[in-house]
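The structure file work.tsv is reproduced below (TSV, C-alpha atoms).
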```tsv
chain	number	residue	atom	x	y	z
A	1	PRO	CA	23.89	-97.98	44.55
A	2	GLY	CA	21.65	-97.49	47.61
A	3	TRP	CA	22.88	-98.88	50.91
A	4	ARG	CA	25.76	-100.77	49.28
A	5	ALA	CA	27.58	-97.51	48.54
A	6	ALA	CA	27.25	-96.43	52.17
A	7	ALA	CA	28.53	-99.78	53.40
A	8	LEU	CA	31.47	-99.67	50.99
A	9	ALA	CA	32.39	-96.13	52.07
A	10	THR	CA	32.32	-97.19	55.73
A	11	SER	CA	34.57	-100.17	54.97
A	12	LEU	CA	37.08	-97.99	53.15
A	13	VAL	CA	37.26	-95.51	56.02
A	14	ALA	CA	37.77	-98.36	58.50
A	15	ALA	CA	40.59	-99.78	56.34
A	16	ALA	CA	42.24	-96.35	56.14
A	17	ILE	CA	42.41	-96.20	59.94
A	18	ILE	CA	44.59	-99.33	60.17
A	19	PRO	CA	47.90	-97.71	59.09
A	20	LEU	CA	47.19	-94.71	61.35
A	21	LEU	CA	46.88	-97.04	64.32
A	22	ALA	CA	50.14	-98.77	63.43
A	23	LEU	CA	52.03	-95.49	63.04
A	24	PHE	CA	50.76	-93.32	65.88
A	25	PHE	CA	49.47	-95.61	68.65
A	26	ALA	CA	51.76	-97.22	71.23
A	27	VAL	CA	51.35	-100.70	72.66
A	28	SER	CA	51.57	-99.34	76.22
A	29	PRO	CA	52.59	-96.10	77.99
A	30	ARG	CA	55.90	-97.65	79.04
A	31	SER	CA	56.80	-98.44	75.45
A	32	ILE	CA	57.14	-94.68	74.85
A	33	GLY	CA	58.66	-93.86	78.23
A	34	ARG	CA	55.49	-92.74	80.02
A	35	ARG	CA	53.55	-93.86	83.06
A	36	PRO	CA	49.92	-94.96	82.82
A	37	PHE	CA	47.47	-92.13	83.37
A	38	GLY	CA	46.60	-91.75	87.05
A	39	GLU	CA	49.46	-93.91	88.32
A	40	ASP	CA	51.13	-92.73	91.55
A	41	PRO	CA	54.59	-91.42	90.51
A	42	ALA	CA	55.96	-92.18	94.00
A	43	ARG	CA	55.45	-95.91	93.54
A	44	ALA	CA	57.65	-98.06	91.39
A	45	ALA	CA	55.36	-99.77	88.93
A	46	PRO	CA	56.24	-103.38	88.02
A	47	GLU	CA	56.86	-104.16	84.41
A	48	PRO	CA	53.91	-105.94	82.78
A	49	GLN	CA	54.53	-109.64	82.33
A	50	ARG	CA	53.93	-111.42	79.09
A	51	PRO	CA	51.43	-114.26	79.36
A	52	GLY	CA	53.01	-117.68	79.59
A	53	VAL	CA	50.34	-119.31	77.41
A	54	PRO	CA	49.15	-118.52	73.89
A	55	ALA	CA	46.56	-115.77	73.63
A	56	GLY	CA	43.85	-118.13	72.39
A	57	ARG	CA	44.22	-120.43	75.40
A	58	LEU	CA	44.41	-117.45	77.75
A	59	VAL	CA	41.11	-116.08	76.43
A	60	LEU	CA	39.39	-119.39	77.11
A	61	ALA	CA	41.05	-119.69	80.53
A	62	VAL	CA	39.80	-116.24	81.53
A	63	LEU	CA	36.30	-117.19	80.37
A	64	ARG	CA	36.39	-120.42	82.39
A	65	ASP	CA	37.44	-118.57	85.54
A	66	SER	CA	34.99	-115.72	84.97
A	67	LEU	CA	32.02	-118.06	84.69
A	68	ARG	CA	32.29	-118.64	88.44
A	69	SER	CA	31.90	-114.92	89.16
A	70	ARG	CA	28.54	-113.30	89.92
A	71	ALA	CA	29.86	-109.97	88.63
A	72	PHE	CA	30.66	-111.53	85.25
A	73	TRP	CA	27.13	-112.84	84.75
A	74	ILE	CA	25.62	-109.52	85.80
A	75	LEU	CA	27.84	-107.63	83.34
A	76	VAL	CA	27.00	-110.11	80.58
A	77	PHE	CA	23.27	-109.75	81.23
A	78	THR	CA	23.31	-105.95	81.45
A	79	PHE	CA	25.35	-105.58	78.26
A	80	TRP	CA	23.03	-108.06	76.55
A	81	VAL	CA	20.15	-105.76	77.51
A	82	CYS	CA	22.19	-102.76	76.37
A	83	GLY	CA	22.55	-104.27	72.90
A	84	TRP	CA	18.89	-105.26	72.89
A	85	SER	CA	17.71	-101.71	73.66
A	86	THR	CA	20.15	-99.81	71.40
A	87	ASN	CA	21.64	-101.49	68.32
A	88	GLY	CA	18.97	-104.15	68.02
A	89	LEU	CA	15.87	-102.09	68.76
A	90	ILE	CA	16.30	-98.34	68.26
A	91	GLN	CA	19.06	-98.43	65.66
A	92	THR	CA	17.31	-101.09	63.57
A	93	HIS	CA	13.63	-100.29	64.07
A	94	PHE	CA	13.32	-96.60	64.94
A	95	ILE	CA	12.97	-95.50	61.29
A	96	PRO	CA	10.28	-98.06	60.31
A	97	ALA	CA	8.47	-97.44	63.63
A	98	ALA	CA	8.42	-93.69	62.95
A	99	HIS	CA	7.21	-94.41	59.40
A	100	ASP	CA	4.32	-96.42	60.88
A	101	HIS	CA	3.25	-93.18	62.59
A	102	GLY	CA	3.39	-91.16	59.37
A	103	MET	CA	6.88	-89.63	59.71
A	104	PRO	CA	8.93	-89.43	56.49
A	105	PRO	CA	11.85	-91.88	56.52
A	106	THR	CA	14.41	-89.11	55.87
A	107	THR	CA	13.17	-87.19	58.91
A	108	ALA	CA	13.39	-90.30	61.08
A	109	ALA	CA	16.89	-91.01	59.76
A	110	GLY	CA	17.97	-87.50	60.72
A	111	LEU	CA	16.67	-88.02	64.26
A	112	LEU	CA	18.56	-91.31	64.49
A	113	ALA	CA	21.73	-89.54	63.38
A	114	LEU	CA	21.18	-86.98	66.16
A	115	ILE	CA	21.02	-89.82	68.66
A	116	GLY	CA	24.51	-90.79	67.49
A	117	VAL	CA	25.80	-87.23	67.91
A	118	PHE	CA	24.51	-87.01	71.46
A	119	GLY	CA	25.93	-90.47	72.07
A	120	VAL	CA	29.45	-89.07	71.77
A	121	ILE	CA	28.65	-86.34	74.31
A	122	GLY	CA	27.03	-88.82	76.67
A	123	THR	CA	29.98	-91.21	76.55
A	124	VAL	CA	32.48	-88.50	77.45
A	125	ALA	CA	30.26	-87.25	80.27
A	126	SER	CA	29.77	-90.79	81.55
A	127	GLY	CA	33.54	-91.31	81.66
A	128	TRP	CA	33.89	-88.18	83.77
A	129	LEU	CA	31.18	-89.40	86.14
A	130	THR	CA	32.70	-92.89	86.34
A	131	ASP	CA	35.92	-91.40	87.71
A	132	ARG	CA	33.97	-89.78	90.55
A	133	PHE	CA	31.04	-92.04	91.44
A	134	ASN	CA	30.26	-95.71	92.00
A	135	PRO	CA	30.01	-97.24	88.48
A	136	ALA	CA	27.37	-99.75	89.58
A	137	VAL	CA	25.13	-96.93	90.82
A	138	LEU	CA	25.61	-95.06	87.55
A	139	LEU	CA	24.53	-98.13	85.59
A	140	VAL	CA	21.43	-98.53	87.74
A	141	VAL	CA	20.46	-94.95	86.88
A	142	TYR	CA	21.27	-95.34	83.17
A	143	TYR	CA	19.27	-98.54	82.67
A	144	ALA	CA	16.35	-97.41	84.81
A	145	LEU	CA	15.97	-94.12	82.92
A	146	ARG	CA	16.42	-95.85	79.57
A	147	GLY	CA	13.65	-98.30	80.39
A	148	LEU	CA	11.38	-95.49	81.52
A	149	SER	CA	11.92	-93.57	78.29
A	150	LEU	CA	11.08	-96.63	76.17
A	151	VAL	CA	7.64	-96.85	77.77
A	152	PHE	CA	6.66	-93.57	76.07
A	153	VAL	CA	8.18	-94.07	72.59
A	154	ASN	CA	4.93	-95.18	70.98
A	155	THR	CA	3.09	-92.06	72.18
A	156	LEU	CA	5.90	-89.70	71.12
A	157	LEU	CA	6.10	-90.76	67.48
A	158	GLY	CA	3.92	-88.98	64.94
A	159	PRO	CA	3.94	-87.32	61.51
A	160	ALA	CA	5.68	-84.23	62.89
A	161	ILE	CA	8.46	-83.72	65.42
A	162	GLU	CA	6.95	-82.52	68.66
A	163	PRO	CA	9.01	-81.04	71.55
A	164	SER	CA	8.50	-84.20	73.59
A	165	LEU	CA	10.14	-86.26	70.85
A	166	TRP	CA	13.16	-83.93	70.91
A	167	ILE	CA	13.52	-84.66	74.62
A	168	PHE	CA	13.55	-88.41	73.91
A	169	ILE	CA	16.12	-88.05	71.12
A	170	VAL	CA	18.50	-86.01	73.28
A	171	PHE	CA	18.13	-88.25	76.33
A	172	TYR	CA	18.44	-91.54	74.44
A	173	GLY	CA	21.49	-90.24	72.65
A	174	LEU	CA	23.16	-89.23	75.91
A	175	ASP	CA	22.35	-92.63	77.40
A	176	TRP	CA	23.24	-94.70	74.29
A	177	VAL	CA	26.92	-95.50	74.98
A	178	ALA	CA	27.01	-94.07	78.50
A	179	THR	CA	26.89	-97.62	79.87
A	180	VAL	CA	30.34	-98.47	78.48
A	181	PRO	CA	32.64	-96.48	80.86
A	182	PRO	CA	31.07	-97.76	84.11
A	183	THR	CA	30.89	-101.30	82.70
A	184	ALA	CA	34.59	-101.10	81.82
A	185	ALA	CA	35.34	-99.80	85.31
A	186	LEU	CA	33.47	-102.68	86.95
A	187	ARG	CA	35.25	-105.39	84.97
A	188	ARG	CA	38.61	-103.80	85.89
A	189	LEU	CA	37.67	-103.61	89.59
A	190	HIS	CA	36.39	-107.19	89.74
A	191	PHE	CA	38.85	-108.99	87.47
A	192	GLY	CA	42.04	-106.91	87.59
A	193	ILE	CA	43.75	-104.87	84.95
A	194	GLU	CA	45.60	-107.84	83.41
A	195	ARG	CA	42.42	-109.77	82.64
A	196	ALA	CA	40.02	-106.86	82.20
A	197	GLY	CA	40.48	-106.70	78.42
A	198	PHE	CA	39.68	-110.39	77.95
A	199	VAL	CA	36.63	-110.14	80.21
A	200	PHE	CA	35.37	-107.07	78.40
A	201	GLY	CA	35.68	-108.90	75.09
A	202	TRP	CA	33.35	-111.65	76.29
A	203	VAL	CA	30.97	-109.12	77.85
A	204	PHE	CA	30.91	-107.09	74.65
A	205	ALA	CA	30.09	-110.24	72.68
A	206	SER	CA	26.92	-110.52	74.73
A	207	LEU	CA	25.94	-107.02	73.58
A	208	MET	CA	26.11	-108.12	69.95
A	209	VAL	CA	24.08	-111.25	70.68
A	210	GLY	CA	21.44	-109.18	72.46
A	211	ALA	CA	21.31	-106.78	69.51
A	212	GLY	CA	20.84	-109.60	67.03
A	213	VAL	CA	18.08	-111.27	69.03
A	214	SER	CA	16.34	-107.94	69.56
A	215	ALA	CA	16.42	-107.01	65.87
A	216	ALA	CA	14.77	-110.29	64.95
A	217	ALA	CA	12.31	-110.28	67.87
A	218	ALA	CA	11.13	-106.71	67.30
A	219	GLY	CA	10.60	-107.42	63.61
A	220	TRP	CA	8.59	-110.54	64.43
A	221	ILE	CA	6.50	-108.58	66.97
A	222	ARG	CA	5.77	-105.87	64.40
A	223	GLU	CA	4.72	-108.39	61.76
A	224	SER	CA	2.61	-110.41	64.21
A	225	THR	CA	0.80	-107.59	66.02
A	226	GLY	CA	1.01	-104.71	63.56
A	227	SER	CA	2.63	-102.49	66.19
A	228	TYR	CA	6.02	-101.93	67.82
A	229	GLN	CA	4.42	-101.18	71.19
A	230	PRO	CA	5.07	-104.68	72.67
A	231	ALA	CA	8.70	-104.38	71.56
A	232	TRP	CA	9.13	-101.05	73.38
A	233	ILE	CA	7.52	-102.38	76.55
A	234	SER	CA	9.52	-105.62	76.57
A	235	ALA	CA	12.75	-103.65	76.17
A	236	ALA	CA	11.68	-101.35	79.01
A	237	VAL	CA	11.11	-104.38	81.27
A	238	LEU	CA	14.54	-105.78	80.39
A	239	CYS	CA	16.17	-102.44	81.21
A	240	GLY	CA	14.43	-102.48	84.57
A	241	LEU	CA	15.72	-106.00	85.25
A	242	ALA	CA	19.22	-104.91	84.27
A	243	ALA	CA	19.05	-102.03	86.74
A	244	LEU	CA	17.88	-104.36	89.52
A	245	SER	CA	20.58	-106.95	88.79
A	246	LEU	CA	23.31	-104.36	89.40
A	247	LEU	CA	22.16	-104.05	93.01
A	248	TRP	CA	23.72	-107.49	93.56
A	249	VAL	CA	27.20	-106.49	92.41
A	250	ARG	CA	29.54	-106.82	95.35
A	251	LYS	CA	31.69	-103.82	96.24
```
What do you get writing this file as structure tokens?
Amino acid sequence: PGWRAAALATSLVAAAIIPLLALFFAVSPRSIGRRPFGEDPARAAPEPQRPGVPAGRLVLAVLRDSLRSRAFWILVFTFWVCGWSTNGLIQTHFIPAAHDHGMPPTTAAGLLALIGVFGVIGTVASGWLTDRFNPAVLLVVYYALRGLSLVFVNTLLGPAIEPSLWIFIVFYGLDWVATVPPTAALRRLHFGIERAGFVFGWVFASLMVGAGVSAAAAGWIRESTGSYQPAWISAAVLCGLAALSLLWVRK
């Protein structure tokens, strides 16, 4: 069965979640008689208004308005780089890159799984930090450190797992999805809570595009040069540019 069995199992688990969402998740806090988390209880919160236009037209209208915003383009670019440096590069090419250095594929796969485990921890920690610090500053730190770590990937890989490689695995895992909470906070601050979901959908689409381009580009680089080193360096440069672009986000 190979990878098809794994893909089928994932699809079945995803399908099983659908009825759980319908049964146990509310549309909004007010629909179950609660206030939104963090809302001031002394203030009377207005009831959310239903959009006066169909959802499809509203999505396009939000996109049209957002295209005139500097913050939107910065968030699109940074999330594009996020997808390039995570799903497209590490998730797709870490195992074959490690195999190029003599590491067994099963060992490399285990390290990639550990990155996912630490990703959960990093996301929760990033959410806690986002509630307390400037989200733009957090993103500058995340992307800058991610780019710096990518510079050393080629020297860390080898037939055996050295302590320095463990450091990379732990750090990259913590940083993997850590960009999501501050990015979500910035789109809410710049576009308002009513439009934030639509904006985040478009921004998230750029992450998937970046991942797809990166997966193809890194594969082409490996086949053309015989090494993943140019792919690591190019991703590091993009992360640095993403960090710099966030310095232009208005308060």
(Q) Counting all atoms listed in the file, which residues sit no farther than 12 Å from the position (36.7, -106.5, 90.8) in the file's frame? I'd like them as a PyMOL selection string. (A) chain A and resi 66+69-72+75+135-136+183-196+199+249-251
**Q.** Atomic separation - atom CA of A:Ala144 relative to atom CA of A:Phe204, Å
**A.** 20.2 Å
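In this structure, atom CA of A:His93 sits 15.1 Å away from atom CA of A:Trp176.
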Q.
What does the structure give for the distance between atom CA of A:Val177 and atom CA of A:Gly88, in Å to one decimal?
A. 13.7 Å
**Q.** Spatial neighbours of stretch 164-175 of chain A, max dist 10 Å, only C-alpha atoms, sep filter under 4 positions, as a PyMOL selection string
**A.** chain A and resi 86+90+111-126+141-143+145-146+149-150+152-153+155-158+160+179-180
Q) Which residues come within 9 Å of A:Pro159, counting only C-alpha atoms, excluding same-chain residues fewer than 4 positions away, as a PyMOL selection string? A) chain A and resi 98-99+101-104
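Considering the residues A:Val137, A:Val203, A:Ile32, A:Met208 and counting all atoms listed in the file, A:Trp73 has its shortest atom-to-atom contact with A:Val203.
Among the candidates A:Ala6, A:Leu129, A:Ile95, A:Ile18, the residue lying nearest to A:Thr107 is A:Ile95 (atoms considered: only C-alpha atoms).
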